[in-house]
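Structure file input00.txt (compact mmCIF, C-alpha atoms) is printed below.
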```txt
# COMPACT_ATOMS: atom_id res chain seq x y z
CA MET Y 14 0.00 0.00 0.00
CA LYS Y 15 1.36 3.39 -1.02
CA LYS Y 16 1.48 6.19 1.59
CA LYS Y 17 0.30 9.69 0.78
CA SER Y 18 3.07 12.24 0.58
CA SER Y 19 3.23 14.97 3.23
CA ALA Y 20 2.82 17.57 0.46
CA ARG Y 21 -0.51 16.00 -0.45
CA LYS Y 22 -1.64 16.04 3.18
CA LYS Y 23 -0.78 19.73 3.49
CA LYS Y 24 -2.78 20.53 0.38
CA HIS Y 25 -5.79 18.75 1.84
CA LEU Y 26 -5.58 20.77 5.07
CA ARG Y 27 -5.03 24.07 3.32
CA PRO Y 28 -8.05 26.40 3.64
CA GLY Y 29 -9.83 27.77 0.59
CA TRP Y 30 -9.75 31.52 -0.09
CA ASP Y 31 -13.10 32.24 1.56
CA GLU Y 32 -12.17 30.36 4.73
CA TYR Y 33 -8.75 32.04 4.75
CA PHE Y 34 -10.11 35.58 4.46
CA ILE Y 35 -13.03 35.04 6.89
CA THR Y 36 -10.41 33.92 9.43
CA ILE Y 37 -8.51 37.16 8.81
CA ALA Y 38 -11.75 39.13 9.30
CA LYS Y 39 -12.12 37.39 12.70
CA ALA Y 40 -8.60 38.56 13.61
CA VAL Y 41 -9.37 42.14 12.48
CA ALA Y 42 -12.43 42.13 14.79
CA ALA Y 43 -10.10 41.88 17.78
CA ARG Y 44 -9.22 45.58 17.20
CA ALA Y 45 -12.85 46.72 17.62
CA THR Y 46 -13.67 49.16 20.42
CA CYS Y 47 -17.31 48.14 20.93
CA LEU Y 48 -18.37 46.49 24.19
CA ARG Y 49 -21.44 44.85 22.66
CA ARG Y 50 -20.05 43.19 19.54
CA ARG Y 51 -16.73 43.18 17.72
CA TYR Y 52 -16.77 42.97 13.93
CA GLY Y 53 -13.99 42.80 11.37
CA ALA Y 54 -14.16 43.26 7.61
CA VAL Y 55 -11.63 42.48 4.90
CA VAL Y 56 -11.95 43.66 1.29
CA THR Y 57 -10.09 41.61 -1.29
CA LYS Y 58 -9.67 41.77 -5.03
CA GLU Y 59 -8.23 38.85 -6.94
CA ASN Y 60 -7.34 37.25 -3.58
CA ILE Y 61 -5.23 40.22 -2.48
CA ILE Y 62 -6.21 42.23 0.60
CA VAL Y 63 -7.20 45.77 -0.40
CA SER Y 64 -8.34 47.08 2.99
CA THR Y 65 -9.57 46.10 6.42
CA GLY Y 66 -11.89 47.68 8.96
CA TYR Y 67 -13.34 47.04 12.37
CA ASN Y 68 -16.18 48.66 14.27
CA GLY Y 69 -15.02 51.50 16.45
CA ALA Y 70 -15.63 55.10 17.37
CA ALA Y 71 -15.07 57.72 14.70
CA ALA Y 72 -11.71 59.49 14.72
CA GLY Y 73 -11.45 61.79 17.73
CA VAL Y 74 -14.53 60.34 19.47
CA VAL Y 75 -14.07 58.59 22.82
CA ASP Y 76 -14.91 54.92 22.35
CA CYS Y 77 -16.98 52.62 24.58
CA LEU Y 78 -13.91 50.80 25.89
CA GLU Y 79 -12.51 54.09 27.20
CA VAL Y 80 -15.86 55.20 28.64
CA GLY Y 81 -16.57 51.75 30.04
CA LYS Y 82 -20.19 51.61 28.93
CA CYS Y 83 -22.42 51.14 25.91
CA THR Y 84 -25.47 53.39 25.67
CA ARG Y 85 -27.39 50.89 23.53
CA MET Y 86 -26.71 48.08 26.03
CA GLU Y 87 -27.78 50.26 28.96
CA LEU Y 88 -31.03 51.10 27.18
CA GLN Y 89 -31.51 47.42 26.20
CA ILE Y 90 -31.86 48.31 22.53
CA PRO Y 91 -32.05 45.18 20.34
CA HIS Y 92 -29.29 44.41 17.87
CA GLY Y 93 -29.82 46.23 14.56
CA GLN Y 94 -31.82 49.16 15.96
CA ARG Y 95 -31.15 52.78 16.93
CA TYR Y 96 -27.65 53.01 15.47
CA GLU Y 97 -27.78 56.80 15.87
CA LEU Y 98 -27.07 56.23 19.59
CA CYS Y 99 -23.87 54.32 18.81
CA HIS Y 100 -20.42 55.94 18.66
CA SER Y 101 -19.03 53.26 16.34
CA VAL Y 102 -18.52 53.24 12.61
CA HIS Y 103 -19.28 49.77 11.25
CA ALA Y 104 -16.46 47.46 10.15
CA GLU Y 105 -17.77 47.35 6.57
CA ALA Y 106 -17.89 51.15 6.36
CA ASN Y 107 -14.36 51.48 7.72
CA ALA Y 108 -13.05 48.93 5.20
CA ILE Y 109 -14.88 50.62 2.32
CA ILE Y 110 -13.65 54.15 3.09
CA ARG Y 111 -10.04 52.92 3.12
CA ALA Y 112 -10.15 51.57 -0.45
CA SER Y 113 -10.36 53.28 -3.82
CA ALA Y 114 -13.37 52.97 -6.11
CA ASP Y 115 -11.31 50.89 -8.56
CA GLU Y 116 -10.25 48.49 -5.80
CA LEU Y 117 -13.82 48.10 -4.56
CA LYS Y 118 -15.52 47.47 -7.91
CA GLY Y 119 -16.00 43.71 -8.26
CA SER Y 120 -14.20 42.97 -4.98
CA THR Y 121 -15.22 40.64 -2.16
CA ILE Y 122 -15.89 41.76 1.40
CA TYR Y 123 -15.51 39.29 4.27
CA ILE Y 124 -17.29 40.05 7.56
CA SER Y 125 -16.99 38.26 10.89
CA GLY Y 126 -17.99 39.13 14.42
CA VAL Y 127 -18.20 38.03 18.03
CA ASP Y 128 -20.53 38.99 20.87
CA GLY Y 129 -19.26 40.67 24.02
CA ASP Y 130 -18.88 37.22 25.60
CA GLY Y 131 -16.64 36.06 22.74
CA ALA Y 132 -19.18 33.79 21.01
CA GLU Y 133 -19.27 33.99 17.21
CA CYS Y 134 -22.34 35.82 15.95
CA SER Y 135 -24.11 36.06 12.63
CA SER Y 136 -22.37 38.83 10.74
CA GLY Y 137 -24.71 39.62 7.87
CA PRO Y 138 -24.55 43.34 7.02
CA CYS Y 139 -27.20 45.73 8.33
CA MET Y 140 -29.37 47.74 5.92
CA MET Y 141 -27.03 50.74 6.08
CA CYS Y 142 -23.99 48.61 5.24
CA LYS Y 143 -25.87 46.81 2.47
CA ARG Y 144 -26.39 50.20 0.80
CA LEU Y 145 -22.69 51.06 1.22
CA ILE Y 146 -21.68 47.70 -0.28
CA LEU Y 147 -24.01 48.19 -3.25
CA ASN Y 148 -22.82 51.76 -3.78
CA ALA Y 149 -19.18 50.63 -3.69
CA ARG Y 150 -19.97 48.06 -6.42
CA ILE Y 151 -18.59 45.20 -4.31
CA GLY Y 152 -19.27 41.94 -6.17
CA ARG Y 153 -19.41 39.36 -3.36
CA VAL Y 154 -20.18 39.33 0.35
CA VAL Y 155 -18.97 36.51 2.59
CA TYR Y 156 -20.06 36.62 6.21
CA SER Y 157 -19.86 34.28 9.18
CA ASP Y 158 -23.15 32.72 10.21
CA GLY Y 159 -22.51 32.42 13.95
CA ASN Y 160 -22.24 28.63 13.78
CA GLY Y 161 -18.68 28.21 12.52
CA ASP Y 162 -19.63 28.48 8.85
CA TYR Y 163 -20.15 31.32 6.38
CA HIS Y 164 -22.55 32.47 3.67
CA VAL Y 165 -21.68 33.84 0.23
CA ILE Y 166 -24.00 36.43 -1.30
CA ASP Y 167 -24.22 38.38 -4.53
CA PRO Y 168 -25.16 41.84 -3.22
CA THR Y 169 -27.35 42.56 -6.25
CA ASP Y 170 -29.76 39.98 -4.77
CA TRP Y 171 -30.55 42.61 -2.12
CA LEU Y 172 -32.08 44.79 -4.84
CA LYS Y 173 -34.94 42.29 -5.04
CA GLU Y 174 -35.64 42.96 -1.32
CA ARG Y 175 -36.14 46.69 -2.01
CA ILE Y 176 -33.69 47.81 0.64
```

Please express what this file holds, its structure, as structure tokens.
Amino acid sequence: MKKKSSARKKKHLRPGWDEYFITIAKAVAARATCLRRRYGAVVTKENIIVSTGYNGAAAGVVDCLEVGKCTRMELQIPHGQRYELCHSVHAEANAIIRASADELKGSTIYISGVDGDGAECSSGPCMMCKRLILNARIGRVVYSDGNGDYHVIDPTDWLKERI
């Protein structure tokens, strides 16, 4: 019986591009300054990282980590509501504003997040970020589903939802 070469084993264990970049998005989320949830986003084009972003207070604004509290948590506001009370800029927005229009057109954005307790959470973009992604002409969205897997979406499918 012939043994498999170690090179073949390594190839089998090697992650695909989507898994690779979603893992990087998870690492980017560690930089977030939100007490409630930490998100990371990675924009790639032709499997090259163009930009990254994480959710955090706008430049010059004191973030929740420094203040030690989250207004939305204190008011028990459900996830996805009343973003005007939040000091953070979303990870997707931060990644998009750091890339050029040419880099964004036809690119892929990877999004991953964890709750305040460190558990992976579903990281599908909110309505505001969906509009930013569409406006940036990003071609694919890959986001973690909160269960150790991820979803791949063509953002033009959102146009059918009348966002």

List the spatial neighbours of Arg153 in chain Y as a JSON list (two decimals) with C-alpha atoms, in the frame of the given file - criterion: any atom at most 9 Å away, only C-alpha atoms, same-chain residues fewer than 4 positions off excluded.
```
[["chain", "number", "residue", "atom", "x", "y", "z"],
["Y", 119, "GLY", "CA", -16.00, 43.71, -8.26],
["Y", 120, "SER", "CA", -14.20, 42.97, -4.98],
["Y", 121, "THR", "CA", -15.22, 40.64, -2.16],
["Y", 122, "ILE", "CA", -15.89, 41.76, 1.40],
["Y", 123, "TYR", "CA", -15.51, 39.29, 4.27],
["Y", 165, "VAL", "CA", -21.68, 33.84, 0.23],
["Y", 166, "ILE", "CA", -24.00, 36.43, -1.30],
["Y", 167, "ASP", "CA", -24.22, 38.38, -4.53],
["Y", 168, "PRO", "CA", -25.16, 41.84, -3.22]]
```

Would you mind telling me which residue in Y:Ile35, Y:Ile151, Y:Leu78, Y:Leu172 lies nearest to Glu116 in chain Y when using only C-alpha atoms? Y:Ile151

Record the distance separating CA of Trp171 in chain Y and CA of Ala70 in chain Y, expressed in Å with one decimal. 27.5 Å

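Pairwise distance (CA of Ala132 in chain Y, CA of Asn68 in chain Y) equals 16.6 Å.
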
9 Å contact set for range 79-89 of chain Y, all atoms listed in the file, chain neighbours under 5 positions out, as a ChimeraX atom specification: /Y:46-49,94-96,98-100
